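Listing of protein37.csv, CSV, C-alpha atoms
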```csv
chain,number,residue,atom,x,y,z
A,1,MET,CA,33.4,-12.7,31.6
A,2,LYS,CA,29.9,-13.9,30.7
A,3,ALA,CA,27.5,-12.6,28.0
A,4,VAL,CA,23.7,-12.5,27.8
A,5,VAL,CA,22.0,-12.1,24.5
A,6,LEU,CA,18.5,-10.8,25.0
A,7,ALA,CA,16.1,-12.7,22.7
A,8,GLY,CA,12.9,-12.9,24.6
A,9,GLY,CA,10.7,-10.4,22.7
A,10,TYR,CA,7.7,-11.3,20.7
A,11,ALA,CA,8.1,-8.6,18.0
A,12,THR,CA,4.4,-8.0,17.7
A,13,ARG,CA,5.0,-4.9,15.5
A,14,MET,CA,6.4,-7.3,12.8
A,15,TRP,CA,3.6,-9.8,12.8
A,16,PRO,CA,2.8,-11.9,10.8
A,17,ILE,CA,6.4,-12.3,9.8
A,18,THR,CA,7.5,-12.9,13.4
A,19,LYS,CA,4.4,-14.6,14.7
A,20,HIS,CA,6.0,-18.0,14.4
A,21,ARG,CA,9.7,-17.1,14.2
A,22,PRO,CA,12.0,-15.1,16.5
A,23,LYS,CA,12.9,-11.8,14.8
A,24,MET,CA,16.5,-12.5,15.6
A,25,PHE,CA,16.4,-15.2,12.9
A,26,LEU,CA,15.5,-12.7,10.2
A,27,PRO,CA,18.3,-12.9,7.5
A,28,ILE,CA,20.8,-10.2,7.0
A,29,GLY,CA,22.5,-11.3,3.8
A,30,ASP,CA,23.8,-14.9,4.2
A,31,SER,CA,23.7,-14.7,8.0
A,32,THR,CA,21.0,-13.7,10.6
A,33,VAL,CA,20.7,-10.8,13.0
A,34,ILE,CA,21.6,-12.9,16.1
A,35,ASP,CA,24.3,-15.0,14.3
A,36,ARG,CA,26.3,-11.8,13.6
A,37,ILE,CA,26.4,-11.3,17.4
A,38,PHE,CA,27.2,-14.9,18.2
A,39,ALA,CA,30.1,-14.8,15.8
A,40,GLU,CA,31.7,-11.9,17.6
A,41,LEU,CA,31.2,-13.4,21.0
A,42,GLU,CA,32.5,-16.8,19.8
A,43,ALA,CA,35.7,-15.1,18.6
A,44,ASP,CA,36.4,-13.1,21.8
A,45,ASP,CA,38.4,-15.2,24.3
A,46,ARG,CA,37.3,-13.0,27.2
A,47,ILE,CA,33.8,-14.4,26.9
A,48,ASP,CA,33.6,-17.9,28.2
A,49,GLU,CA,29.8,-18.4,28.3
A,50,VAL,CA,27.0,-16.9,26.3
A,51,TYR,CA,23.4,-17.2,27.7
A,52,VAL,CA,20.6,-16.8,25.2
A,53,SER,CA,17.7,-15.4,27.1
A,54,THR,CA,14.4,-16.3,25.4
A,55,ASN,CA,10.9,-17.3,26.2
A,56,GLU,CA,9.1,-20.7,26.3
A,57,ARG,CA,7.4,-20.1,22.9
A,58,PHE,CA,10.6,-19.8,21.0
A,59,ALA,CA,12.8,-22.0,23.1
A,60,ALA,CA,12.6,-25.0,20.7
A,61,ASP,CA,13.4,-22.7,17.7
A,62,PHE,CA,16.5,-21.5,19.4
A,63,GLU,CA,17.5,-25.0,20.5
A,64,ALA,CA,17.3,-26.2,16.9
A,65,HIS,CA,19.1,-23.1,15.6
A,66,LEU,CA,22.0,-23.6,18.0
A,67,ALA,CA,22.2,-27.3,17.3
A,68,ASP,CA,22.6,-26.6,13.6
A,69,SER,CA,25.2,-23.8,14.1
A,70,GLU,CA,28.9,-24.0,14.5
A,71,PHE,CA,28.9,-21.9,17.7
A,72,GLU,CA,30.0,-23.6,20.9
A,73,LYS,CA,29.5,-20.9,23.5
A,74,PRO,CA,25.7,-20.1,23.3
A,75,GLN,CA,23.4,-21.9,25.6
A,76,LEU,CA,19.7,-21.4,26.2
A,77,SER,CA,18.3,-19.8,29.4
A,78,VAL,CA,14.5,-19.8,29.2
A,79,GLU,CA,12.2,-17.4,31.0
A,80,GLU,CA,8.8,-18.9,31.8
A,81,THR,CA,6.7,-16.8,29.5
A,82,THR,CA,4.7,-17.7,26.4
A,83,GLU,CA,2.9,-14.3,25.7
A,84,GLU,CA,3.9,-10.6,25.6
A,85,ASP,CA,1.7,-9.9,28.7
A,86,ASP,CA,3.5,-12.5,30.8
A,87,LYS,CA,6.9,-10.9,30.5
A,88,PHE,CA,8.9,-10.0,33.6
A,89,GLY,CA,10.5,-7.0,31.8
A,90,VAL,CA,14.0,-7.1,30.6
A,91,VAL,CA,15.6,-6.1,33.9
A,92,GLY,CA,13.4,-8.6,35.8
A,93,ALA,CA,14.3,-11.4,33.4
A,94,LEU,CA,18.0,-10.5,33.6
A,95,ALA,CA,17.9,-10.7,37.4
A,96,GLN,CA,16.3,-14.1,37.2
A,97,LEU,CA,18.8,-15.3,34.7
A,98,ILE,CA,21.7,-14.2,36.9
A,99,ASP,CA,20.2,-16.1,39.8
A,100,ARG,CA,19.2,-19.1,37.7
A,101,GLU,CA,22.6,-19.5,36.0
A,102,ASN,CA,24.7,-18.4,39.1
A,103,VAL,CA,26.4,-15.7,37.2
A,104,ASP,CA,29.3,-14.4,39.3
A,105,ASP,CA,31.4,-12.6,36.8
A,106,ASP,CA,31.5,-9.4,34.8
A,107,LEU,CA,28.6,-9.4,32.3
A,108,LEU,CA,28.0,-8.2,28.7
A,109,VAL,CA,24.3,-7.7,27.9
A,110,ILE,CA,23.4,-7.1,24.3
A,111,ALA,CA,20.0,-7.2,22.5
A,112,GLY,CA,19.8,-10.0,20.0
A,113,ASP,CA,18.0,-7.7,17.5
A,114,ASN,CA,20.9,-5.2,17.5
A,115,LEU,CA,22.6,-4.7,14.2
A,116,ILE,CA,25.7,-2.6,14.9
A,117,SER,CA,28.7,-1.5,12.9
A,118,PHE,CA,31.3,-1.5,15.7
A,119,ASP,CA,33.2,-4.5,16.9
A,120,VAL,CA,32.0,-5.9,20.2
A,121,ALA,CA,35.6,-6.5,21.1
A,122,ASP,CA,36.3,-2.8,20.9
A,123,PHE,CA,33.4,-2.1,23.2
A,124,LEU,CA,34.8,-4.7,25.7
A,125,ASP,CA,38.3,-3.1,25.4
A,126,TYR,CA,36.7,0.2,26.4
A,127,PHE,CA,34.8,-1.4,29.3
A,128,GLU,CA,38.0,-3.0,30.7
A,129,SER,CA,39.8,0.4,30.5
A,130,GLN,CA,37.1,2.1,32.6
A,131,ASP,CA,36.4,-0.9,34.9
A,132,ALA,CA,32.9,0.5,35.5
A,133,PRO,CA,29.4,0.1,34.1
A,134,THR,CA,29.5,1.0,30.4
A,135,LEU,CA,26.9,1.4,27.7
A,136,ALA,CA,27.1,1.9,23.9
A,137,ALA,CA,25.7,5.2,22.7
A,138,TYR,CA,24.7,6.4,19.2
A,139,ASP,CA,23.5,9.7,17.7
A,140,VAL,CA,20.2,8.9,16.0
A,141,GLY,CA,20.2,12.4,14.5
A,142,SER,CA,16.5,13.0,15.2
A,143,ARG,CA,14.8,14.2,18.4
A,144,GLU,CA,11.7,12.4,17.2
A,145,LYS,CA,13.6,9.1,17.0
A,146,ALA,CA,15.3,9.8,20.3
A,147,LYS,CA,11.8,9.7,22.1
A,148,SER,CA,11.8,5.9,21.6
A,149,TYR,CA,15.1,5.2,23.3
A,150,GLY,CA,17.1,5.9,26.4
A,151,LEU,CA,18.6,9.4,26.2
A,152,VAL,CA,22.2,9.8,27.4
A,153,GLU,CA,23.8,13.0,28.7
A,154,LEU,CA,27.5,13.0,29.0
A,155,GLU,CA,30.3,15.0,30.6
A,156,GLY,CA,33.3,13.9,28.7
A,157,GLU,CA,32.7,10.1,28.5
A,158,ARG,CA,30.8,9.8,31.8
A,159,VAL,CA,27.1,9.4,31.9
A,160,VAL,CA,25.6,12.2,34.1
A,161,ASP,CA,22.0,11.8,33.2
A,162,PHE,CA,19.9,9.0,31.6
A,163,GLN,CA,16.2,9.3,30.6
A,164,GLU,CA,14.3,6.4,29.3
A,165,LYS,CA,12.0,7.3,26.4
A,166,PRO,CA,11.7,11.1,27.2
A,167,ASP,CA,8.7,13.0,25.9
A,168,ASP,CA,11.0,16.0,25.1
A,169,PRO,CA,14.5,14.9,24.5
A,170,ASN,CA,17.2,17.6,24.7
A,171,SER,CA,19.7,15.7,22.5
A,172,THR,CA,19.8,12.8,20.0
A,173,LEU,CA,22.4,10.6,21.7
A,174,VAL,CA,20.8,7.3,22.8
A,175,SER,CA,21.7,4.0,24.4
A,176,ILE,CA,21.5,1.1,22.0
A,177,ALA,CA,20.9,-1.9,24.4
A,178,CYS,CA,24.5,-2.9,24.7
A,179,TYR,CA,25.8,-2.8,28.2
A,180,ALA,CA,28.7,-4.2,30.2
A,181,PHE,CA,28.5,-4.5,34.0
A,182,PRO,CA,31.2,-5.3,36.6
A,183,GLN,CA,30.2,-8.1,38.9
A,184,ASP,CA,29.8,-5.7,41.8
A,185,SER,CA,27.3,-3.6,39.9
A,186,LEU,CA,25.2,-6.7,39.2
A,187,SER,CA,24.8,-7.3,42.9
A,188,LEU,CA,22.7,-4.1,43.0
A,189,LEU,CA,20.0,-5.6,40.7
A,190,PRO,CA,18.0,-7.2,43.5
A,191,THR,CA,18.1,-3.9,45.4
A,192,TYR,CA,16.8,-2.1,42.4
A,193,LEU,CA,13.9,-4.5,42.0
A,194,GLU,CA,13.1,-4.7,45.7
A,195,GLU,CA,12.7,-0.9,45.8
A,196,GLY,CA,9.9,-1.2,43.2
A,197,ASN,CA,11.8,0.3,40.3
A,198,ASN,CA,10.7,-0.3,36.7
A,199,PRO,CA,11.6,-3.9,35.7
A,200,ASP,CA,11.2,-3.4,32.0
A,201,GLU,CA,14.0,-1.7,29.9
A,202,PRO,CA,17.6,-1.9,31.0
A,203,GLY,CA,17.8,1.8,30.7
A,204,TRP,CA,15.8,2.3,33.8
A,205,PHE,CA,18.4,0.3,35.7
A,206,VAL,CA,21.2,2.4,34.1
A,207,GLN,CA,19.3,5.6,35.1
A,208,TRP,CA,19.2,4.4,38.7
A,209,LEU,CA,22.8,3.0,38.7
A,210,GLN,CA,24.5,6.1,37.3
A,211,ASN,CA,23.3,8.1,40.3
A,212,ARG,CA,25.2,5.6,42.5
A,213,GLU,CA,28.4,4.8,40.7
A,214,SER,CA,30.4,6.2,37.7
A,215,THR,CA,28.9,5.0,34.4
A,216,TYR,CA,30.5,5.5,31.0
A,217,ALA,CA,29.4,5.6,27.4
A,218,TYR,CA,31.2,4.1,24.4
A,219,THR,CA,30.1,6.3,21.6
A,220,PHE,CA,30.4,5.2,18.0
A,221,GLU,CA,29.6,6.4,14.5
A,222,GLY,CA,28.7,4.3,11.5
A,223,ALA,CA,25.4,2.3,11.6
A,224,TRP,CA,23.0,0.9,14.1
A,225,PHE,CA,19.6,-0.7,13.6
A,226,ASP,CA,17.1,-1.7,16.2
A,227,ILE,CA,15.2,-4.3,14.3
A,228,GLY,CA,11.8,-4.0,15.7
A,229,THR,CA,9.7,-2.8,12.8
A,230,PRO,CA,9.4,-3.8,9.1
A,231,GLU,CA,10.9,-0.5,8.1
A,232,SER,CA,14.0,-0.9,10.4
A,233,TYR,CA,14.5,-4.5,9.1
A,234,LEU,CA,14.4,-3.4,5.5
A,235,ASP,CA,16.8,-0.5,6.3
A,236,ALA,CA,19.2,-3.0,7.9
A,237,VAL,CA,19.1,-5.2,4.8
A,238,ALA,CA,19.7,-2.2,2.6
A,239,TRP,CA,22.7,-1.2,4.7
A,240,HIS,CA,24.2,-4.6,4.5
A,241,LEU,CA,23.5,-5.0,0.7
A,242,ASP,CA,24.7,-1.4,0.1
A,243,GLY,CA,22.7,-1.1,-3.2
A,244,ASP,CA,23.4,-4.7,-4.4
A,245,SER,CA,21.0,-7.6,-4.4
A,246,LEU,CA,21.3,-11.2,-3.2
A,247,VAL,CA,19.4,-13.8,-5.3
A,248,ALA,CA,19.6,-17.5,-4.4
A,249,ASP,CA,20.9,-19.8,-7.1
A,250,SER,CA,17.8,-22.0,-6.8
A,251,ALA,CA,15.5,-19.0,-7.5
A,252,THR,CA,13.7,-18.9,-10.8
A,253,LEU,CA,13.5,-15.5,-12.6
A,254,GLU,CA,11.5,-15.0,-15.8
A,255,ASP,CA,11.1,-11.5,-17.0
A,256,ALA,CA,11.9,-10.3,-13.5
A,257,THR,CA,13.5,-7.0,-12.7
A,258,ILE,CA,15.6,-6.9,-9.6
A,259,GLY,CA,16.2,-3.4,-8.2
A,260,ASP,CA,18.4,-2.2,-5.3
A,261,ASN,CA,18.7,-3.9,-1.9
A,262,VAL,CA,16.7,-7.0,-2.7
A,263,HIS,CA,17.1,-10.4,-1.1
A,264,VAL,CA,15.5,-13.3,-2.9
A,265,MET,CA,15.8,-16.7,-1.1
A,266,GLY,CA,15.8,-20.3,-2.2
A,267,GLU,CA,13.2,-21.8,-4.5
A,268,VAL,CA,11.5,-18.5,-5.1
A,269,THR,CA,9.7,-18.0,-8.5
A,270,LEU,CA,9.4,-14.5,-9.9
A,271,GLU,CA,7.6,-14.0,-13.3
A,272,ASN,CA,7.0,-10.7,-15.0
A,273,THR,CA,7.7,-9.0,-11.7
A,274,ALA,CA,9.7,-6.0,-10.5
A,275,ILE,CA,11.2,-6.1,-7.0
A,276,ASP,CA,12.9,-3.2,-5.2
A,277,HIS,CA,14.0,-2.8,-1.6
A,278,ALA,CA,12.3,-6.1,-0.5
A,279,VAL,CA,12.9,-9.5,1.1
A,280,ILE,CA,11.3,-12.6,-0.4
A,281,PHE,CA,11.5,-15.7,1.7
A,282,PRO,CA,11.9,-19.3,0.4
A,283,GLU,CA,9.4,-21.0,-1.9
A,284,ALA,CA,7.3,-17.8,-2.6
A,285,THR,CA,5.8,-17.3,-6.0
A,286,VAL,CA,5.2,-13.8,-7.4
A,287,ARG,CA,3.7,-13.2,-10.8
A,288,ASN,CA,2.7,-10.1,-12.7
A,289,ALA,CA,3.5,-7.8,-9.7
A,290,ASP,CA,5.4,-4.7,-8.6
A,291,VAL,CA,6.8,-5.2,-5.1
A,292,ARG,CA,8.5,-2.3,-3.2
A,293,ARG,CA,9.7,-2.0,0.4
A,294,SER,CA,7.9,-5.2,1.3
A,295,ILE,CA,8.5,-8.5,3.1
A,296,ILE,CA,7.0,-11.6,1.6
A,297,ASP,CA,7.1,-14.7,3.8
A,298,GLU,CA,7.7,-18.3,2.8
A,299,GLY,CA,5.3,-20.3,0.6
A,300,THR,CA,3.4,-17.2,-0.4
A,301,HIS,CA,1.6,-17.0,-3.8
A,302,LEU,CA,1.0,-13.5,-5.2
A,303,GLU,CA,-0.4,-12.6,-8.6
A,304,ASP,CA,-1.5,-9.5,-10.5
A,305,LEU,CA,-1.0,-6.8,-7.9
A,306,ASP,CA,1.3,-4.0,-6.8
A,307,LEU,CA,2.6,-3.9,-3.2
A,308,ALA,CA,4.4,-1.1,-1.3
A,309,GLY,CA,5.2,-1.3,2.4
A,310,ALA,CA,3.5,-4.6,2.8
A,311,LEU,CA,4.0,-7.6,5.1
A,312,ILE,CA,2.6,-10.8,3.7
A,313,GLY,CA,2.4,-13.8,6.0
A,314,ALA,CA,3.6,-17.3,5.3
A,315,HIS,CA,1.6,-19.5,2.9
A,316,THR,CA,-0.8,-16.7,1.9
A,317,THR,CA,-2.4,-16.6,-1.6
A,318,ILE,CA,-3.4,-13.3,-3.0
A,319,THR,CA,-4.7,-13.1,-6.6
A,320,ASN,CA,-6.0,-9.9,-8.2
A,321,GLY,CA,-5.7,-8.3,-4.7
A,322,SER,CA,-8.0,-10.8,-3.0
A,323,PRO,CA,-6.7,-13.1,-0.3
A,324,GLN,CA,-7.5,-16.8,-0.7
```

Starting from the coordinates I provided, produce the structure as structure tokens.
Amino acid sequence: MKAVVLAGGYATRMWPITKHRPKMFLPIGDSTVIDRIFAELEADDRIDEVYVSTNERFAADFEAHLADSEFEKPQLSVEETTEEDDKFGVVGALAQLIDRENVDDDLLVIAGDNLISFDVADFLDYFESQDAPTLAAYDVGSREKAKSYGLVELEGERVVDFQEKPDDPNSTLVSIACYAFPQDSLSLLPTYLEEGNNPDEPGWFVQWLQNRESTYAYTFEGAWFDIGTPESYLDAVAWHLDGDSLVADSATLEDATIGDNVHVMGEVTLENTAIDHAVIFPEATVRNADVRRSIIDEGTHLEDLDLAGALIGAHTTITNGSPQ
């Protein structure tokens, strides 16, 4: 079995934090979003190759990241895009990858910005037991949230309807961008695209596919985070830290108050500052400040201000509320 980790997005909703780094590299505790996925795929003997589907802009970043990692399975497969407007759509890019890499096996497809509480191995066990297209589904608990995802309707465990980003969802059970396809189902991708169907989200392909062959849902409880916004990233960090905080040994704290769910990275300096539900990247300096639910990028210098719900880009200086 092969696996594809989708890592081609530009995460424009999280700029400037993700303008020059893939959002999959955002830290979750001592690991990163995508490394949590790589670790599970590395440990599963059913997966013999892992293709990391990314774009030309971030290809060098992924190449360096993989070279420094202990993972042996992941290898880059680069789509020829450098901007959001150039993208082929996820389904289009997946079809190209299958052709480019001559994939001729069952395939696991998982978004690289997925933080999930279930074991991927359990999902693959379920897929093997059904021997049919399978998706992972999660109850987001809100019809408003469900509007942003692919809505799944089930009879038992079989998918009987799938609506991508419905305006008026009739339930809160959604697909989470984790799919497994038998080899025979993948052969239908060219037909899907040749018919002029939507090449963007995989859910559109699933909606089309479930009308042609039995498709099943692996439902799970626990936690799931689609890390595409600053809020969802901070929520994922909070879930991982579970009320604790993580402060690097090399950080300098003087009269600093560290609240819940705070991650302070290496060489950070905090003076006369209170931090709560925030992530502070390396070599940032924060003095005389109150920082809540914010992300402060590396090399930033902040003084004499209060922040809530802020994203501060790398190497920014703000003193008395004025950017320098």

Next item on the list: Show me as a list of chain:residue names the residues that reach within 6 Å of (28.6, -18.0, 28.2), counting only C-alpha atoms and using the file's own coordinates.
Entry: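 Every polymer residue passing the test: A:Lys2, A:Ala3, A:Asp48, A:Glu49, A:Val50, A:Tyr51, A:Lys73.
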
Notebook entry, point to check: Which is closest to Val91 of chain A among A:Pro230, A:Gly266, A:Pro282, A:Pro199, if we use all atoms listed in the file?
Noted result: A:Pro199

Margin query: Quick one: residues within 10 Å of Ala146 of chain A, only C-alpha atoms, excluding same-chain residues fewer than 5 positions away - as a ChimeraX atom specification?
Written below: /A:139-141,151-152,164-175

Take the residues from that selection and put them in a file with C-alpha atoms, as a PDB file, in the coordinates of the input.
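File produced: out.pdb:
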```pdb
ATOM      1  CA  ASP A 139      23.500   9.700  17.700  1.00  0.00           C
ATOM      2  CA  VAL A 140      20.200   8.900  16.000  1.00  0.00           C
ATOM      3  CA  GLY A 141      20.200  12.400  14.500  1.00  0.00           C
ATOM      4  CA  LEU A 151      18.600   9.400  26.200  1.00  0.00           C
ATOM      5  CA  VAL A 152      22.200   9.800  27.400  1.00  0.00           C
ATOM      6  CA  GLU A 164      14.300   6.400  29.300  1.00  0.00           C
ATOM      7  CA  LYS A 165      12.000   7.300  26.400  1.00  0.00           C
ATOM      8  CA  PRO A 166      11.700  11.100  27.200  1.00  0.00           C
ATOM      9  CA  ASP A 167       8.700  13.000  25.900  1.00  0.00           C
ATOM     10  CA  ASP A 168      11.000  16.000  25.100  1.00  0.00           C
ATOM     11  CA  PRO A 169      14.500  14.900  24.500  1.00  0.00           C
ATOM     12  CA  ASN A 170      17.200  17.600  24.700  1.00  0.00           C
ATOM     13  CA  SER A 171      19.700  15.700  22.500  1.00  0.00           C
ATOM     14  CA  THR A 172      19.800  12.800  20.000  1.00  0.00           C
ATOM     15  CA  LEU A 173      22.400  10.600  21.700  1.00  0.00           C
ATOM     16  CA  VAL A 174      20.800   7.300  22.800  1.00  0.00           C
ATOM     17  CA  SER A 175      21.700   4.000  24.400  1.00  0.00           C
TER      18      SER A 175
END
```

Item checked: Within 10 Å of Gly222 of chain A using only C-alpha atoms, minus same-chain residues under 4 positions, as a list of chain:residue names -> A:Ile116, A:Ser117, A:Phe118, A:Tyr138, A:Asp139

Let's have the selection written as a compact mmCIF listing (two decimals), in the frame of the given file, with C-alpha atoms.
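So the final result, stored in part_21.txt, reads:
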```
# COMPACT_ATOMS: atom_id res chain seq x y z
CA ILE A 116 25.70 -2.60 14.90
CA SER A 117 28.70 -1.50 12.90
CA PHE A 118 31.30 -1.50 15.70
CA TYR A 138 24.70 6.40 19.20
CA ASP A 139 23.50 9.70 17.70
```

Checklist line | Interatomic distance (Å, one decimal) between atom CA of Cys178 of chain A and atom CA of Glu63 of chain A | finding: 23.6 Å

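Residues within 7 Å of Glu42 of chain A, counting all atoms listed in the file and excluding same-chain residues fewer than 2 positions away, are Phe38, Ala39, Glu40, Asp44, Phe71 and Lys73 of chain A.
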
Notebook entry, point to check: From the list A:Val262, A:Leu66, A:Val247, A:Leu209, which residue is nearest Leu188 of chain A when using all atoms listed in the file?
Noted result: A:Leu209

Working from the structure I just supplied, which lacks atoms in segment 145-168 of chain A, can you model N, CA and C atoms there and output them as a compact mmCIF listing (two decimals), keeping the file's coordinate frame?
```txt
# COMPACT_ATOMS: atom_id res chain seq x y z
N LYS A 145 13.11 10.47 16.79
CA LYS A 145 13.60 9.10 17.00
C LYS A 145 14.05 8.89 18.43
N ALA A 146 14.69 9.90 19.00
CA ALA A 146 15.30 9.80 20.30
C ALA A 146 14.18 9.50 21.39
N LYS A 147 12.94 9.88 21.11
CA LYS A 147 11.80 9.70 22.10
C LYS A 147 11.62 8.17 22.34
N SER A 148 12.07 7.32 21.43
CA SER A 148 11.80 5.90 21.60
C SER A 148 12.90 5.12 22.31
N TYR A 149 13.96 5.85 22.74
CA TYR A 149 15.10 5.20 23.30
C TYR A 149 15.51 5.83 24.64
N GLY A 150 16.57 5.31 25.24
CA GLY A 150 17.10 5.90 26.40
C GLY A 150 18.09 7.02 26.07
N LEU A 151 17.79 8.22 26.52
CA LEU A 151 18.60 9.40 26.20
C LEU A 151 19.77 9.51 27.13
N VAL A 152 20.97 9.71 26.56
CA VAL A 152 22.20 9.80 27.40
C VAL A 152 22.76 11.17 27.35
N GLU A 153 23.07 11.69 28.55
CA GLU A 153 23.80 13.00 28.70
C GLU A 153 25.13 12.74 29.27
N LEU A 154 26.15 13.31 28.64
CA LEU A 154 27.50 13.00 29.00
C LEU A 154 28.26 14.28 29.49
N GLU A 155 29.21 14.06 30.37
CA GLU A 155 30.30 15.00 30.60
C GLU A 155 31.57 14.30 30.32
N GLY A 156 32.17 14.66 29.20
CA GLY A 156 33.30 13.90 28.70
C GLY A 156 32.72 12.52 28.24
N GLU A 157 33.18 11.44 28.85
CA GLU A 157 32.70 10.10 28.50
C GLU A 157 31.80 9.53 29.63
N ARG A 158 31.63 10.30 30.69
CA ARG A 158 30.80 9.80 31.80
C ARG A 158 29.38 10.17 31.69
N VAL A 159 28.52 9.22 31.99
CA VAL A 159 27.10 9.40 31.90
C VAL A 159 26.67 10.23 33.18
N VAL A 160 26.06 11.40 32.97
CA VAL A 160 25.60 12.20 34.10
C VAL A 160 24.10 12.30 34.16
N ASP A 161 23.43 11.85 33.12
CA ASP A 161 22.00 11.80 33.20
C ASP A 161 21.53 10.73 32.13
N PHE A 162 20.44 10.04 32.45
CA PHE A 162 19.90 9.00 31.60
C PHE A 162 18.39 9.08 31.69
N GLN A 163 17.71 9.28 30.58
CA GLN A 163 16.20 9.30 30.60
C GLN A 163 15.69 8.30 29.64
N GLU A 164 14.90 7.40 30.15
CA GLU A 164 14.30 6.40 29.30
C GLU A 164 13.08 6.92 28.59
N LYS A 165 13.12 6.92 27.25
CA LYS A 165 12.00 7.30 26.40
C LYS A 165 11.42 8.67 26.81
N PRO A 166 12.22 9.74 26.78
CA PRO A 166 11.70 11.10 27.20
C PRO A 166 10.71 11.63 26.21
N ASP A 167 9.73 12.38 26.73
CA ASP A 167 8.70 13.00 25.90
C ASP A 167 9.36 14.21 25.10
N ASP A 168 10.35 14.85 25.72
CA ASP A 168 11.00 16.00 25.10
C ASP A 168 12.47 15.93 25.20
```
